[in-house]
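J.: Following this line is entry-v6.pdb, made up of PDB, N, CA and C atoms, pLDDT in the B column:
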ATOM      1  N   MET A 368       0.847  -1.184   0.000  1.00 56.00           N
ATOM      2  CA  MET A 368       0.000   0.000   0.000  1.00 56.00           C
ATOM      3  C   MET A 368       0.887   1.240   0.000  1.00 56.00           C
ATOM      4  N   THR A 369       0.528   2.195  -0.801  1.00 67.00           N
ATOM      5  CA  THR A 369       1.319   3.423  -0.890  1.00 67.00           C
ATOM      6  C   THR A 369       0.882   4.433   0.162  1.00 67.00           C
ATOM      7  N   SER A 370       1.796   5.335   0.454  1.00 68.00           N
ATOM      8  CA  SER A 370       1.496   6.391   1.427  1.00 68.00           C
ATOM      9  C   SER A 370       0.623   7.449   0.770  1.00 68.00           C
ATOM     10  N   PRO A 371      -0.284   8.059   1.517  1.00 70.00           N
ATOM     11  CA  PRO A 371      -1.110   9.121   0.943  1.00 70.00           C
ATOM     12  C   PRO A 371      -0.256  10.347   0.648  1.00 70.00           C
ATOM     13  N   VAL A 372      -0.656  11.103  -0.344  1.00 68.00           N
ATOM     14  CA  VAL A 372       0.037  12.335  -0.694  1.00 68.00           C
ATOM     15  C   VAL A 372      -0.335  13.388   0.344  1.00 68.00           C
ATOM     16  N   VAL A 373       0.687  14.020   0.897  1.00 66.00           N
ATOM     17  CA  VAL A 373       0.475  15.048   1.907  1.00 66.00           C
ATOM     18  C   VAL A 373       0.865  16.383   1.299  1.00 66.00           C
ATOM     19  N   GLN A 374      -0.019  17.334   1.382  1.00 60.00           N
ATOM     20  CA  GLN A 374       0.247  18.658   0.826  1.00 60.00           C
ATOM     21  C   GLN A 374       1.216  19.412   1.715  1.00 60.00           C
ATOM     22  N   ASP A 375       2.203  20.032   1.095  1.00 62.00           N
ATOM     23  CA  ASP A 375       3.185  20.844   1.802  1.00 62.00           C
ATOM     24  C   ASP A 375       2.696  22.289   1.805  1.00 62.00           C
ATOM     25  N   ASN A 376       2.292  22.778   2.954  1.00 59.00           N
ATOM     26  CA  ASN A 376       1.755  24.139   3.052  1.00 59.00           C
ATOM     27  C   ASN A 376       2.781  25.159   3.514  1.00 59.00           C
ATOM     28  N   GLN A 377       4.057  24.763   3.539  1.00 64.00           N
ATOM     29  CA  GLN A 377       5.078  25.700   3.956  1.00 64.00           C
ATOM     30  C   GLN A 377       5.240  26.781   2.882  1.00 64.00           C
ATOM     31  N   PRO A 378       5.238  28.029   3.281  1.00 58.00           N
ATOM     32  CA  PRO A 378       5.430  29.088   2.282  1.00 58.00           C
ATOM     33  C   PRO A 378       6.834  29.017   1.709  1.00 58.00           C
ATOM     34  N   ARG A 379       6.966  29.275   0.456  1.00 72.00           N
ATOM     35  CA  ARG A 379       8.255  29.283  -0.215  1.00 72.00           C
ATOM     36  C   ARG A 379       8.623  30.718  -0.554  1.00 72.00           C
ATOM     37  N   LYS A 380       9.901  30.986  -0.478  1.00 79.00           N
ATOM     38  CA  LYS A 380      10.411  32.312  -0.789  1.00 79.00           C
ATOM     39  C   LYS A 380      10.341  32.526  -2.299  1.00 79.00           C
ATOM     40  N   THR A 381       9.907  33.696  -2.720  1.00 86.00           N
ATOM     41  CA  THR A 381       9.829  33.985  -4.140  1.00 86.00           C
ATOM     42  C   THR A 381      10.723  35.156  -4.549  1.00 86.00           C
ATOM     43  N   LYS A 382      11.156  35.954  -3.577  1.00 93.00           N
ATOM     44  CA  LYS A 382      11.995  37.119  -3.877  1.00 93.00           C
ATOM     45  C   LYS A 382      13.068  37.256  -2.808  1.00 93.00           C
ATOM     46  N   PHE A 383      14.181  37.829  -3.207  1.00 95.00           N
ATOM     47  CA  PHE A 383      15.252  38.132  -2.271  1.00 95.00           C
ATOM     48  C   PHE A 383      15.078  39.531  -1.702  1.00 95.00           C
ATOM     49  N   THR A 384      15.542  39.721  -0.478  1.00 96.00           N
ATOM     50  CA  THR A 384      15.693  41.069   0.050  1.00 96.00           C
ATOM     51  C   THR A 384      17.016  41.607  -0.490  1.00 96.00           C
ATOM     52  N   PHE A 385      17.273  42.882  -0.311  1.00 97.00           N
ATOM     53  CA  PHE A 385      18.532  43.451  -0.796  1.00 97.00           C
ATOM     54  C   PHE A 385      19.717  42.790  -0.097  1.00 97.00           C
ATOM     55  N   GLU A 386      19.616  42.578   1.207  1.00 97.00           N
ATOM     56  CA  GLU A 386      20.699  41.941   1.962  1.00 97.00           C
ATOM     57  C   GLU A 386      20.970  40.527   1.447  1.00 97.00           C
ATOM     58  N   GLU A 387      19.916  39.802   1.134  1.00 97.00           N
ATOM     59  CA  GLU A 387      20.087  38.451   0.592  1.00 97.00           C
ATOM     60  C   GLU A 387      20.725  38.499  -0.788  1.00 97.00           C
ATOM     61  N   ALA A 388      20.378  39.516  -1.572  1.00 98.00           N
ATOM     62  CA  ALA A 388      20.986  39.678  -2.894  1.00 98.00           C
ATOM     63  C   ALA A 388      22.486  39.945  -2.767  1.00 98.00           C
ATOM     64  N   VAL A 389      22.866  40.723  -1.780  1.00 97.00           N
ATOM     65  CA  VAL A 389      24.295  40.950  -1.525  1.00 97.00           C
ATOM     66  C   VAL A 389      24.951  39.613  -1.175  1.00 97.00           C
ATOM     67  N   ASP A 390      24.303  38.826  -0.364  1.00 97.00           N
ATOM     68  CA  ASP A 390      24.831  37.515   0.004  1.00 97.00           C
ATOM     69  C   ASP A 390      24.937  36.588  -1.212  1.00 97.00           C
ATOM     70  N   VAL A 391      23.998  36.706  -2.141  1.00 98.00           N
ATOM     71  CA  VAL A 391      24.068  35.919  -3.376  1.00 98.00           C
ATOM     72  C   VAL A 391      25.378  36.219  -4.096  1.00 98.00           C
ATOM     73  N   TRP A 392      25.740  37.486  -4.213  1.00 98.00           N
ATOM     74  CA  TRP A 392      26.995  37.857  -4.864  1.00 98.00           C
ATOM     75  C   TRP A 392      28.196  37.302  -4.107  1.00 98.00           C
ATOM     76  N   LEU A 393      28.176  37.417  -2.791  1.00 97.00           N
ATOM     77  CA  LEU A 393      29.306  36.922  -2.002  1.00 97.00           C
ATOM     78  C   LEU A 393      29.459  35.412  -2.163  1.00 97.00           C
ATOM     79  N   ARG A 394      28.347  34.699  -2.148  1.00 97.00           N
ATOM     80  CA  ARG A 394      28.394  33.246  -2.332  1.00 97.00           C
ATOM     81  C   ARG A 394      28.907  32.884  -3.724  1.00 97.00           C
ATOM     82  N   ARG A 395      28.452  33.617  -4.732  1.00 98.00           N
ATOM     83  CA  ARG A 395      28.875  33.338  -6.107  1.00 98.00           C
ATOM     84  C   ARG A 395      30.370  33.558  -6.257  1.00 98.00           C
ATOM     85  N   TRP A 396      30.887  34.642  -5.676  1.00 97.00           N
ATOM     86  CA  TRP A 396      32.317  34.916  -5.752  1.00 97.00           C
ATOM     87  C   TRP A 396      33.149  33.890  -4.997  1.00 97.00           C
ATOM     88  N   CYS A 397      32.528  33.224  -4.026  1.00 96.00           N
ATOM     89  CA  CYS A 397      33.226  32.158  -3.293  1.00 96.00           C
ATOM     90  C   CYS A 397      33.174  30.827  -4.047  1.00 96.00           C
ATOM     91  N   GLY A 398      32.491  30.799  -5.191  1.00 97.00           N
ATOM     92  CA  GLY A 398      32.493  29.609  -6.018  1.00 97.00           C
ATOM     93  C   GLY A 398      31.228  28.772  -5.991  1.00 97.00           C
ATOM     94  N   GLN A 399      30.216  29.203  -5.267  1.00 97.00           N
ATOM     95  CA  GLN A 399      28.977  28.421  -5.246  1.00 97.00           C
ATOM     96  C   GLN A 399      28.246  28.569  -6.571  1.00 97.00           C
ATOM     97  N   PHE A 400      27.640  27.477  -6.996  1.00 97.00           N
ATOM     98  CA  PHE A 400      26.832  27.493  -8.209  1.00 97.00           C
ATOM     99  C   PHE A 400      25.460  28.090  -7.904  1.00 97.00           C
ATOM    100  N   GLN A 401      24.803  28.573  -8.954  1.00 96.00           N
ATOM    101  CA  GLN A 401      23.496  29.205  -8.775  1.00 96.00           C
ATOM    102  C   GLN A 401      22.492  28.253  -8.139  1.00 96.00           C
ATOM    103  N   HIS A 402      22.495  26.996  -8.552  1.00 94.00           N
ATOM    104  CA  HIS A 402      21.517  26.060  -7.990  1.00 94.00           C
ATOM    105  C   HIS A 402      21.806  25.767  -6.519  1.00 94.00           C
ATOM    106  N   GLU A 403      23.053  25.856  -6.105  1.00 95.00           N
ATOM    107  CA  GLU A 403      23.391  25.666  -4.692  1.00 95.00           C
ATOM    108  C   GLU A 403      22.915  26.848  -3.859  1.00 95.00           C
ATOM    109  N   ILE A 404      23.076  28.049  -4.387  1.00 95.00           N
ATOM    110  CA  ILE A 404      22.602  29.252  -3.688  1.00 95.00           C
ATOM    111  C   ILE A 404      21.082  29.188  -3.564  1.00 95.00           C
ATOM    112  N   ALA A 405      20.416  28.801  -4.648  1.00 93.00           N
ATOM    113  CA  ALA A 405      18.952  28.696  -4.637  1.00 93.00           C
ATOM    114  C   ALA A 405      18.495  27.680  -3.603  1.00 93.00           C
ATOM    115  N   ALA A 406      19.174  26.562  -3.517  1.00 91.00           N
ATOM    116  CA  ALA A 406      18.798  25.525  -2.546  1.00 91.00           C
ATOM    117  C   ALA A 406      18.972  26.027  -1.113  1.00 91.00           C
ATOM    118  N   ALA A 407      20.009  26.817  -0.875  1.00 92.00           N
ATOM    119  CA  ALA A 407      20.247  27.346   0.471  1.00 92.00           C
ATOM    120  C   ALA A 407      19.115  28.267   0.921  1.00 92.00           C
ATOM    121  N   TYR A 408      18.516  28.977  -0.027  1.00 92.00           N
ATOM    122  CA  TYR A 408      17.426  29.897   0.289  1.00 92.00           C
ATOM    123  C   TYR A 408      16.047  29.304   0.025  1.00 92.00           C
ATOM    124  N   VAL A 409      15.987  28.080  -0.468  1.00 90.00           N
ATOM    125  CA  VAL A 409      14.729  27.436  -0.865  1.00 90.00           C
ATOM    126  C   VAL A 409      13.947  28.387  -1.772  1.00 90.00           C
ATOM    127  N   ILE A 410      14.582  28.723  -2.871  1.00 92.00           N
ATOM    128  CA  ILE A 410      14.019  29.658  -3.830  1.00 92.00           C
ATOM    129  C   ILE A 410      14.296  29.130  -5.229  1.00 92.00           C
ATOM    130  N   ASN A 411      13.538  29.570  -6.187  1.00 91.00           N
ATOM    131  CA  ASN A 411      13.731  29.153  -7.562  1.00 91.00           C
ATOM    132  C   ASN A 411      15.073  29.685  -8.071  1.00 91.00           C
ATOM    133  N   PRO A 412      15.850  28.866  -8.771  1.00 93.00           N
ATOM    134  CA  PRO A 412      17.140  29.332  -9.294  1.00 93.00           C
ATOM    135  C   PRO A 412      17.027  30.553 -10.202  1.00 93.00           C
ATOM    136  N   ARG A 413      15.874  30.772 -10.786  1.00 94.00           N
ATOM    137  CA  ARG A 413      15.672  31.951 -11.631  1.00 94.00           C
ATOM    138  C   ARG A 413      15.883  33.234 -10.823  1.00 94.00           C
ATOM    139  N   ALA A 414      15.476  33.232  -9.560  1.00 95.00           N
ATOM    140  CA  ALA A 414      15.645  34.427  -8.722  1.00 95.00           C
ATOM    141  C   ALA A 414      17.131  34.733  -8.522  1.00 95.00           C
ATOM    142  N   VAL A 415      17.947  33.703  -8.365  1.00 96.00           N
ATOM    143  CA  VAL A 415      19.391  33.895  -8.228  1.00 96.00           C
ATOM    144  C   VAL A 415      19.946  34.467  -9.533  1.00 96.00           C
ATOM    145  N   ASN A 416      19.537  33.896 -10.641  1.00 97.00           N
ATOM    146  CA  ASN A 416      19.997  34.342 -11.947  1.00 97.00           C
ATOM    147  C   ASN A 416      19.628  35.799 -12.198  1.00 97.00           C
ATOM    148  N   GLN A 417      18.439  36.194 -11.776  1.00 97.00           N
ATOM    149  CA  GLN A 417      18.000  37.580 -11.982  1.00 97.00           C
ATOM    150  C   GLN A 417      18.846  38.554 -11.174  1.00 97.00           C
ATOM    151  N   VAL A 418      19.275  38.150  -9.987  1.00 98.00           N
ATOM    152  CA  VAL A 418      20.158  39.003  -9.197  1.00 98.00           C
ATOM    153  C   VAL A 418      21.506  39.128  -9.898  1.00 98.00           C
ATOM    154  N   LEU A 419      22.048  37.999 -10.348  1.00 98.00           N
ATOM    155  CA  LEU A 419      23.371  37.998 -10.963  1.00 98.00           C
ATOM    156  C   LEU A 419      23.408  38.692 -12.325  1.00 98.00           C
ATOM    157  N   LYS A 420      22.269  38.769 -12.987  1.00 98.00           N
ATOM    158  CA  LYS A 420      22.205  39.489 -14.267  1.00 98.00           C
ATOM    159  C   LYS A 420      21.850  40.957 -14.080  1.00 98.00           C
ATOM    160  N   GLY A 421      21.586  41.370 -12.842  1.00 97.00           N
ATOM    161  CA  GLY A 421      21.277  42.772 -12.574  1.00 97.00           C
ATOM    162  C   GLY A 421      19.847  43.161 -12.878  1.00 97.00           C
ATOM    163  N   ILE A 422      18.980  42.173 -13.029  1.00 97.00           N
ATOM    164  CA  ILE A 422      17.573  42.458 -13.306  1.00 97.00           C
ATOM    165  C   ILE A 422      16.862  42.915 -12.035  1.00 97.00           C
ATOM    166  N   THR A 423      17.184  42.252 -10.923  1.00 97.00           N
ATOM    167  CA  THR A 423      16.609  42.636  -9.629  1.00 97.00           C
ATOM    168  C   THR A 423      17.737  43.089  -8.701  1.00 97.00           C
ATOM    169  N   HIS A 424      17.410  43.912  -7.760  1.00 97.00           N
ATOM    170  CA  HIS A 424      18.335  44.413  -6.735  1.00 97.00           C
ATOM    171  C   HIS A 424      19.586  45.034  -7.343  1.00 97.00           C
ATOM    172  N   VAL A 425      19.343  46.000  -8.206  1.00 96.00           N
ATOM    173  CA  VAL A 425      20.443  46.748  -8.813  1.00 96.00           C
ATOM    174  C   VAL A 425      21.229  47.421  -7.689  1.00 96.00           C
ATOM    175  N   GLY A 426      22.521  47.302  -7.736  1.00 96.00           N
ATOM    176  CA  GLY A 426      23.378  47.882  -6.704  1.00 96.00           C
ATOM    177  C   GLY A 426      23.860  46.866  -5.690  1.00 96.00           C
ATOM    178  N   SER A 427      23.282  45.680  -5.692  1.00 97.00           N
ATOM    179  CA  SER A 427      23.708  44.668  -4.721  1.00 97.00           C
ATOM    180  C   SER A 427      25.127  44.188  -5.009  1.00 97.00           C
ATOM    181  N   GLU A 428      25.509  44.135  -6.289  1.00 96.00           N
ATOM    182  CA  GLU A 428      26.878  43.732  -6.633  1.00 96.00           C
ATOM    183  C   GLU A 428      27.884  44.752  -6.106  1.00 96.00           C
ATOM    184  N   GLN A 429      27.576  46.030  -6.271  1.00 96.00           N
ATOM    185  CA  GLN A 429      28.472  47.083  -5.796  1.00 96.00           C
ATOM    186  C   GLN A 429      28.579  47.060  -4.271  1.00 96.00           C
ATOM    187  N   GLU A 430      27.462  46.811  -3.601  1.00 96.00           N
ATOM    188  CA  GLU A 430      27.481  46.739  -2.135  1.00 96.00           C
ATOM    189  C   GLU A 430      28.310  45.546  -1.665  1.00 96.00           C
ATOM    190  N   ALA A 431      28.165  44.410  -2.331  1.00 96.00           N
ATOM    191  CA  ALA A 431      28.955  43.223  -1.963  1.00 96.00           C
ATOM    192  C   ALA A 431      30.430  43.495  -2.197  1.00 96.00           C
ATOM    193  N   ALA A 432      30.752  44.148  -3.307  1.00 96.00           N
ATOM    194  CA  ALA A 432      32.146  44.477  -3.609  1.00 96.00           C
ATOM    195  C   ALA A 432      32.713  45.431  -2.565  1.00 96.00           C
ATOM    196  N   ARG A 433      31.904  46.403  -2.154  1.00 95.00           N
ATOM    197  CA  ARG A 433      32.359  47.348  -1.128  1.00 95.00           C
ATOM    198  C   ARG A 433      32.661  46.626   0.175  1.00 95.00           C
ATOM    199  N   ARG A 434      31.838  45.652   0.522  1.00 94.00           N
ATOM    200  CA  ARG A 434      32.022  44.927   1.786  1.00 94.00           C
ATOM    201  C   ARG A 434      33.284  44.083   1.807  1.00 94.00           C
ATOM    202  N   VAL A 435      33.717  43.617   0.661  1.00 93.00           N
ATOM    203  CA  VAL A 435      34.912  42.766   0.635  1.00 93.00           C
ATOM    204  C   VAL A 435      36.111  43.497   0.042  1.00 93.00           C
ATOM    205  N   GLY A 436      35.947  44.781  -0.266  1.00 91.00           N
ATOM    206  CA  GLY A 436      37.047  45.572  -0.805  1.00 91.00           C
ATOM    207  C   GLY A 436      37.425  45.162  -2.216  1.00 91.00           C
ATOM    208  N   ARG A 437      36.418  44.794  -2.994  1.00 78.00           N
ATOM    209  CA  ARG A 437      36.628  44.326  -4.365  1.00 78.00           C
ATOM    210  C   ARG A 437      36.038  45.337  -5.336  1.00 78.00           C
ATOM    211  N   THR A 438      36.634  45.461  -6.497  1.00 67.00           N
ATOM    212  CA  THR A 438      36.100  46.347  -7.519  1.00 67.00           C
ATOM    213  C   THR A 438      35.074  45.590  -8.339  1.00 67.00           C
ATOM    214  N   ALA A 439      33.853  46.106  -8.366  1.00 56.00           N
ATOM    215  CA  ALA A 439      32.768  45.409  -9.094  1.00 56.00           C
ATOM    216  C   ALA A 439      32.803  45.747 -10.555  1.00 56.00           C
TER     217      ALA A 439
END
Would you mind writing the file's structure down as structure tokens?
T.:
Amino acid sequence: MTSPVVQDNQPRKTKFTFEEAVDVWLRRWCGQFQHEIAAAYVINPRAVNQVLKGITHVGSEQEAARRVGRTA
């Protein structure tokens, strides 16, 4: 007998905050892949890609660079 399907009602994240977007840049520069960053935040990998392409949270790359003393 199979187990019944149980609905997962946990809310999922759909957008990053600016601080999280800065963290996305820091993680990427440390070598993490986009799908790994997405898994850490339980978010769709498209949201990570949009941050890295500058579509969302414009300025987050510059802020991350400022925090680590790197030229963006």
J.: What does the distance from atom N of A:Gly398 to atom CA of A:Asn411 come to in Å, to one decimal?
T.: 19.0 Å
J.: Rounded to one decimal, what separation in Å do you get between atom CA of A:Val391 and atom CA of A:Val418?
T.: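 Straight-line distance from atom CA of A:Val391 to atom CA of A:Val418 works out to 7.7 Å.
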J.: Would you mind listing what lies within 12 Å of A:Arg395 as a list in words, with only C-alpha atoms counted and same-chain residues fewer than 4 positions away left out?
T.: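 Contacts, with the query itself left out: Ala388, Val389, Asp390, Val391, Gln399, Phe400, Gln401, His402, Glu403, Ile404, Ala405, Val415, Asn416, Val418, Leu419, Glu428, Ala431 and Ala432 of chain A.
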J.: By how many Å are atom CA of A:Thr381 and atom CA of A:Ser427 apart?
T.: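 Distance reported for this atom pair: 17.5 Å.
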J.: Pick the closest to A:Thr384 from A:His424, A:Cys397, A:Arg413, A:Ala406: which is it, counting only C-alpha atoms?
T.: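 Counting only C-alpha atoms, the residue closest to A:Thr384 is A:His424.
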J.: Give the alpha helix (DSSP H) residues of chain A, as assigned by DSSP on the backbone, as a ChimeraX atom specification.
T.: /A:385-396,401-408,412-419,427-435
